[in-house]
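Structure data follow from upload.cif (mmCIF, C-alpha atoms and all ligand atoms):
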data_run
#
loop_
_atom_site.label_atom_id
_atom_site.label_comp_id
_atom_site.auth_asym_id
_atom_site.auth_seq_id
_atom_site.Cartn_x
_atom_site.Cartn_y
_atom_site.Cartn_z
CA MET A 615 0.00 0.00 0.00
CA ALA A 616 2.59 2.56 -1.14
CA GLY A 617 1.44 6.13 -0.65
CA GLU A 618 -0.89 5.20 2.19
CA GLY A 619 -0.23 6.06 5.80
CA LEU A 620 -1.88 5.14 9.07
CA ILE A 621 -1.90 7.85 11.76
CA VAL A 622 -2.42 6.41 15.26
CA VAL A 623 -3.48 9.28 17.50
CA ASP A 624 -2.63 9.44 21.22
CA VAL A 625 -3.12 5.79 22.28
CA GLN A 626 -1.59 6.64 25.65
CA ASN A 627 -2.24 5.48 29.20
CA ASP A 628 -3.76 8.78 30.34
CA PHE A 629 -6.54 8.44 27.74
CA CYS A 630 -7.35 4.88 28.79
CA PRO A 631 -9.39 3.73 31.83
CA GLY A 632 -7.39 4.50 34.99
CA GLY A 633 -5.64 7.41 33.29
CA ALA A 634 -5.84 11.11 34.09
CA LEU A 635 -8.12 11.96 31.16
CA ALA A 636 -9.69 8.56 30.57
CA VAL A 637 -11.82 8.14 27.46
CA SER A 638 -14.57 5.60 28.06
CA GLY A 639 -13.56 2.31 26.41
CA GLY A 640 -10.29 3.83 25.22
CA ASP A 641 -8.38 0.59 25.81
CA GLU A 642 -10.90 -1.44 23.77
CA ILE A 643 -9.55 -0.03 20.52
CA VAL A 644 -6.01 -1.37 21.02
CA PRO A 645 -6.53 -4.77 19.28
CA VAL A 646 -8.31 -3.05 16.38
CA VAL A 647 -5.51 -0.49 16.08
CA ASN A 648 -2.91 -3.29 16.17
CA ASP A 649 -4.67 -4.99 13.22
CA LEU A 650 -4.51 -1.72 11.28
CA ILE A 651 -0.82 -1.25 12.12
CA ARG A 652 -0.08 -4.66 10.56
CA LYS A 653 -1.90 -3.74 7.35
CA PHE A 654 -0.23 -0.42 6.53
CA GLU A 655 3.16 0.08 5.00
CA HIS A 656 3.67 3.44 6.70
CA VAL A 657 2.67 4.05 10.31
CA VAL A 658 2.90 7.34 12.19
CA LEU A 659 2.06 7.71 15.88
CA THR A 660 1.17 10.89 17.72
CA GLN A 661 1.96 11.38 21.39
CA ASP A 662 0.37 14.11 23.51
CA TRP A 663 3.41 15.50 25.33
CA HIS A 664 2.84 18.36 27.75
CA PRO A 665 5.33 20.06 30.06
CA GLN A 666 4.27 20.34 33.70
CA GLY A 667 2.12 23.42 34.18
CA HIS A 668 0.85 23.35 30.58
CA SER A 669 -1.66 26.10 29.83
CA SER A 670 -4.36 23.54 28.90
CA PHE A 671 -4.33 22.20 32.48
CA ALA A 672 -7.18 23.56 34.64
CA SER A 673 -4.80 23.35 37.60
CA VAL A 674 -2.84 26.39 36.36
CA HIS A 675 -5.93 28.61 36.03
CA PRO A 676 -7.08 29.81 39.47
CA GLY A 677 -10.76 29.08 40.08
CA LYS A 678 -11.14 26.91 36.98
CA THR A 679 -12.02 23.23 36.86
CA PRO A 680 -11.47 20.67 34.10
CA PHE A 681 -13.81 20.86 31.07
CA GLU A 682 -14.42 24.61 31.54
CA THR A 683 -13.04 26.92 28.88
CA VAL A 684 -10.72 29.93 28.93
CA THR A 685 -9.82 32.48 26.27
CA MET A 686 -6.22 32.18 25.17
CA PRO A 687 -4.43 34.58 22.80
CA TYR A 688 -5.23 32.10 19.99
CA GLY A 689 -8.90 31.65 20.92
CA GLU A 690 -11.08 29.46 23.13
CA GLN A 691 -9.37 26.57 24.91
CA THR A 692 -11.01 23.74 26.84
CA LEU A 693 -9.26 23.00 30.13
CA TRP A 694 -8.26 19.46 31.05
CA PRO A 695 -7.01 17.57 34.07
CA ASP A 696 -3.19 17.39 34.14
CA HIS A 697 -2.41 14.63 31.61
CA CYS A 698 0.34 13.24 29.37
CA VAL A 699 3.11 15.04 31.24
CA GLN A 700 6.44 14.55 29.44
CA GLY A 701 8.22 11.45 30.69
CA SER A 702 5.37 10.29 32.95
CA ALA A 703 3.81 6.81 32.81
CA GLY A 704 0.54 8.43 31.73
CA ALA A 705 2.24 9.73 28.60
CA ASP A 706 3.51 6.27 27.60
CA PHE A 707 1.74 4.37 24.86
CA HIS A 708 -0.74 1.73 26.05
CA PRO A 709 1.37 -1.33 26.95
CA SER A 710 -0.44 -3.53 24.40
CA LEU A 711 -0.07 -1.10 21.51
CA GLU A 712 2.16 -2.71 18.88
CA TRP A 713 4.04 0.44 18.01
CA THR A 714 7.42 -0.97 16.97
CA ARG A 715 6.72 -0.66 13.21
CA ALA A 716 5.97 3.05 13.46
CA GLU A 717 8.32 5.13 11.32
CA LEU A 718 7.63 8.45 13.06
CA VAL A 719 6.32 9.68 16.40
CA ILE A 720 4.94 13.21 16.28
CA ARG A 721 4.90 14.78 19.74
CA LYS A 722 2.48 17.64 20.25
CA GLY A 723 1.42 20.07 22.94
CA PHE A 724 5.01 20.55 24.11
CA ARG A 725 4.85 24.36 24.15
CA THR A 726 3.60 25.62 27.52
CA GLY A 727 1.41 28.34 26.01
CA ILE A 728 -0.33 26.45 23.17
CA ASP A 729 -2.32 23.25 23.11
CA SER A 730 -2.25 21.02 20.04
CA TYR A 731 -5.12 18.70 19.19
CA SER A 732 -4.23 18.18 15.55
CA ALA A 733 -1.24 16.15 14.37
CA PHE A 734 -0.72 18.86 11.71
CA PHE A 735 -1.20 22.24 13.44
CA GLU A 736 -1.21 23.55 17.00
CA ASN A 737 -4.38 25.15 18.35
CA ASP A 738 -3.47 28.59 17.00
CA ARG A 739 -4.24 26.78 13.67
CA ARG A 740 -0.99 28.24 12.22
CA THR A 741 2.01 26.61 13.89
CA PRO A 742 2.82 23.46 11.89
CA THR A 743 4.08 20.24 13.47
CA GLY A 744 5.92 19.30 10.28
CA LEU A 745 3.71 16.31 9.50
CA THR A 746 2.40 17.73 6.21
CA GLY A 747 5.93 18.07 4.85
CA TYR A 748 6.96 14.65 6.15
CA LEU A 749 4.06 12.91 4.44
CA ARG A 750 4.48 14.83 1.16
CA ASP A 751 8.25 14.25 1.05
CA ARG A 752 7.60 10.55 1.41
CA GLY A 753 4.89 10.41 -1.26
CA ILE A 754 2.14 9.55 1.20
CA ASP A 755 -1.01 11.14 -0.20
CA SER A 756 -3.68 9.11 1.56
CA VAL A 757 -4.08 8.86 5.34
CA THR A 758 -6.24 6.72 7.61
CA LEU A 759 -6.71 7.83 11.21
CA CYS A 760 -7.57 5.98 14.40
CA GLY A 761 -6.98 6.49 18.13
CA LEU A 762 -8.10 8.87 20.89
CA ALA A 763 -10.10 10.91 21.17
CA THR A 764 -12.51 10.82 18.20
CA ASP A 765 -13.93 14.29 18.85
CA PHE A 766 -10.67 16.09 19.69
CA CYS A 767 -7.29 14.93 18.44
CA VAL A 768 -8.56 12.47 15.82
CA ALA A 769 -11.16 14.92 14.44
CA PHE A 770 -8.86 17.96 14.28
CA SER A 771 -6.15 15.84 12.64
CA ALA A 772 -8.60 14.46 10.05
CA LEU A 773 -9.99 17.93 9.27
CA ASP A 774 -6.49 19.32 8.76
CA ALA A 775 -5.47 16.30 6.65
CA VAL A 776 -8.40 16.68 4.26
CA ALA A 777 -7.88 20.48 4.10
CA ARG A 778 -4.24 19.91 3.12
CA GLY A 779 -5.33 17.71 0.23
CA PHE A 780 -4.77 14.23 1.65
CA SER A 781 -7.34 11.58 0.87
CA THR A 782 -8.55 11.03 4.45
CA SER A 783 -10.42 8.26 6.25
CA VAL A 784 -11.26 7.56 9.90
CA VAL A 785 -11.84 4.02 11.18
CA LEU A 786 -14.55 4.79 13.75
CA ASP A 787 -14.32 1.33 15.37
CA ALA A 788 -10.72 2.12 16.20
CA THR A 789 -11.58 5.38 18.00
CA ARG A 790 -13.44 6.41 21.17
CA GLY A 791 -14.72 9.88 22.04
CA ILE A 792 -14.74 12.19 25.06
CA ASP A 793 -18.17 13.64 24.09
CA LEU A 794 -18.22 17.01 25.83
CA ASN A 795 -21.58 18.79 25.28
CA GLY A 796 -22.38 16.74 22.18
CA SER A 797 -18.93 17.13 20.67
CA LEU A 798 -18.82 13.54 19.38
CA SER A 799 -21.73 13.74 16.95
CA ALA A 800 -20.89 17.36 16.08
CA MET A 801 -17.33 16.47 15.08
CA ILE A 802 -18.38 13.35 13.15
CA THR A 803 -20.78 15.55 11.16
CA ARG A 804 -18.03 18.13 10.58
CA MET A 805 -15.61 15.47 9.36
CA ARG A 806 -18.21 13.98 6.96
CA GLN A 807 -19.09 17.41 5.59
CA ALA A 808 -15.41 18.17 5.02
CA GLY A 809 -15.03 15.02 2.90
CA VAL A 810 -13.47 12.66 5.44
CA ARG A 811 -14.54 9.06 4.78
CA MET A 812 -15.92 7.29 7.85
CA LEU A 813 -15.11 3.58 7.81
C1 LIG B 1 -6.69 15.13 23.67
C2 LIG B 1 -7.66 16.61 25.10
C3 LIG B 1 -6.44 17.06 25.52
C4 LIG B 1 -6.86 14.05 22.65
C5 LIG B 1 -5.44 15.56 24.07
O1 LIG B 1 -5.92 13.26 22.43
O2 LIG B 1 -7.96 13.98 22.04
N1 LIG B 1 -7.79 15.67 24.17
N2 LIG B 1 -5.33 16.52 25.01
ZN ZN B 2 -3.47 17.09 25.84
#
This structure in structure tokens:
Amino acid sequence: MAGEGLIVVDVQNDFCPGGALAVSGGDEIVPVVNDLIRKFEHVVLTQDWHPQGHSSFASVHPGKTPFETVTMPYGEQTLWPDHCVQGSAGADFHPSLEWTRAELVIRKGFRTGIDSYSAFFENDRRTPTGLTGYLRDRGIDSVTLCGLATDFCVAFSALDAVARGFSTSVVLDATRGIDLNGSLSAMITRMRQAGVRML
């Protein structure tokens, strides 16, 4: 499958049951993701990778609690529990994820002042992660996404991929959502309308 890449988004302990920002059923996708990893020639992983005191953590905003929002210089930002702190066990990939074949790990959210949901751009929607150039340089023009969470990092990555001209699919069975105020169905609709194929 030359020219086709699999992007495995944030399959990390903190997004699985028992983790700091657990997505319901997050661990159930691991066998499905492993099957996909075996099928693709090119595999890219993303890893949410925040410094301590990251500006997306509610704990650094006095009087705020997780899942509230604040206005950042780049726009509205949802606040989260402290999660995926660089070097912590919560930031590690799920122990059953078969990640050894991955050719690239894109770390994101490592700047204290900006969050990054998408694998392509940080939340200011302008700062690139370099993934577009990596995929183009390698002749990968079609991407399939899976991982956590459907309505945040998977959705923003898929929307950016399709907007950058990649043929883009999401394997819904290999994702789970956070679903904050209806965000799951809203983001699935947005992805469909943007031309992302839902498998
Ligand atoms: C994510 C919220 C905060 C995700 C990452 O992987 O979807 N969501 N950081
Ligand atoms: Zn995060």
Q) Given the choices A:Phe735, A:Phe707, A:Phe724, A:Trp694, which gets closest to Gly761 (chain A) if the distance is worked out from all atoms listed in the file? A) A:Phe707
Q | Point-to-point distance in Å for CA of Glu690 (chain A) and CA of Met812 (chain A) | A | 27.4 Å
**Q.** Residues within 8 Å of ligand LIG 1 (chain B), counting only C-alpha atoms and all ligand atoms, as a VMD selection string
**A.** chain A and resid 623 to 625 629 635 662 670 694 697 to 698 723 729 to 731 762 to 768 791 to 792
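Atom ZN of ligand ZN 2 (chain B) to CA of Ile643 (chain A) spans 18.9 Å [interatomic distance, one decimal].
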Q) Near Val784 (chain A), within 12 Å and counting all atoms listed in the file, which residues show up once chain neighbours fewer than 2 positions away are dropped, as a PyMOL selection string? A) chain A and resi 619-623+647+650+756-765+767-773+775-776+781-782+786-790+801-802+805-806+809-813
Write the selection just made, keeping C-alpha atoms, as a PDB file, in the coordinates of the input?
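Just written: again18.pdb:
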ATOM      1  CA  GLY A 619      -0.230   6.060   5.800  1.00  0.00           C
ATOM      2  CA  LEU A 620      -1.880   5.140   9.070  1.00  0.00           C
ATOM      3  CA  ILE A 621      -1.900   7.850  11.760  1.00  0.00           C
ATOM      4  CA  VAL A 622      -2.420   6.410  15.260  1.00  0.00           C
ATOM      5  CA  VAL A 623      -3.480   9.280  17.500  1.00  0.00           C
ATOM      6  CA  VAL A 647      -5.510  -0.490  16.080  1.00  0.00           C
ATOM      7  CA  LEU A 650      -4.510  -1.720  11.280  1.00  0.00           C
ATOM      8  CA  SER A 756      -3.680   9.110   1.560  1.00  0.00           C
ATOM      9  CA  VAL A 757      -4.080   8.860   5.340  1.00  0.00           C
ATOM     10  CA  THR A 758      -6.240   6.720   7.610  1.00  0.00           C
ATOM     11  CA  LEU A 759      -6.710   7.830  11.210  1.00  0.00           C
ATOM     12  CA  CYS A 760      -7.570   5.980  14.400  1.00  0.00           C
ATOM     13  CA  GLY A 761      -6.980   6.490  18.130  1.00  0.00           C
ATOM     14  CA  LEU A 762      -8.100   8.870  20.890  1.00  0.00           C
ATOM     15  CA  ALA A 763     -10.100  10.910  21.170  1.00  0.00           C
ATOM     16  CA  THR A 764     -12.510  10.820  18.200  1.00  0.00           C
ATOM     17  CA  ASP A 765     -13.930  14.290  18.850  1.00  0.00           C
ATOM     18  CA  CYS A 767      -7.290  14.930  18.440  1.00  0.00           C
ATOM     19  CA  VAL A 768      -8.560  12.470  15.820  1.00  0.00           C
ATOM     20  CA  ALA A 769     -11.160  14.920  14.440  1.00  0.00           C
ATOM     21  CA  PHE A 770      -8.860  17.960  14.280  1.00  0.00           C
ATOM     22  CA  SER A 771      -6.150  15.840  12.640  1.00  0.00           C
ATOM     23  CA  ALA A 772      -8.600  14.460  10.050  1.00  0.00           C
ATOM     24  CA  LEU A 773      -9.990  17.930   9.270  1.00  0.00           C
ATOM     25  CA  ALA A 775      -5.470  16.300   6.650  1.00  0.00           C
ATOM     26  CA  VAL A 776      -8.400  16.680   4.260  1.00  0.00           C
ATOM     27  CA  SER A 781      -7.340  11.580   0.870  1.00  0.00           C
ATOM     28  CA  THR A 782      -8.550  11.030   4.450  1.00  0.00           C
ATOM     29  CA  LEU A 786     -14.550   4.790  13.750  1.00  0.00           C
ATOM     30  CA  ASP A 787     -14.320   1.330  15.370  1.00  0.00           C
ATOM     31  CA  ALA A 788     -10.720   2.120  16.200  1.00  0.00           C
ATOM     32  CA  THR A 789     -11.580   5.380  18.000  1.00  0.00           C
ATOM     33  CA  ARG A 790     -13.440   6.410  21.170  1.00  0.00           C
ATOM     34  CA  MET A 801     -17.330  16.470  15.080  1.00  0.00           C
ATOM     35  CA  ILE A 802     -18.380  13.350  13.150  1.00  0.00           C
ATOM     36  CA  MET A 805     -15.610  15.470   9.360  1.00  0.00           C
ATOM     37  CA  ARG A 806     -18.210  13.980   6.960  1.00  0.00           C
ATOM     38  CA  GLY A 809     -15.030  15.020   2.900  1.00  0.00           C
ATOM     39  CA  VAL A 810     -13.470  12.660   5.440  1.00  0.00           C
ATOM     40  CA  ARG A 811     -14.540   9.060   4.780  1.00  0.00           C
ATOM     41  CA  MET A 812     -15.920   7.290   7.850  1.00  0.00           C
ATOM     42  CA  LEU A 813     -15.110   3.580   7.810  1.00  0.00           C
TER      43      LEU A 813
END
Q: Quote the spacing between CA of Gly727 (chain A) and CA of Ala634 (chain A) in Å to one decimal place.
A: 20.4 Å
Using all atoms of region 787-792 of chain A listed in the file and a margin of 8 Å per side, can you give the axis-aligned box centre and edge lengths in Å to one decimal, as AutoDock Vina command-line options?
--center_x -12.7 --center_y 6.8 --center_z 20.2 --size_x 20.0 --size_y 26.9 --size_z 25.7
Q: Anything within 7 Å of (-17.1, 19.5, 28.9): list those residues as an MDAnalysis selection string, counting all atoms listed in the file and sticking to the file's coordinates.
A: chainID A and resid 681:682 794:795
Q: Select, from A:Asp641, A:Asp649, A:Asp793, A:Asp628, the residue with the minimum atom-to-atom distance to Asp706 (chain A), counting only C-alpha atoms.
A: A:Asp628
Q) From the list A:Glu618, A:Asp696, A:Glu736, A:Asp774, which residue is nearest Ala672 (chain A) when using all atoms listed in the file? A) A:Asp696
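You can rank A:Thr679, A:Ser732, A:Ser638, A:Ser710 by their closest distance to ligand ZN 2 (chain B) using only C-alpha atoms and all ligand atoms, and at the top of that list sits A:Ser732.
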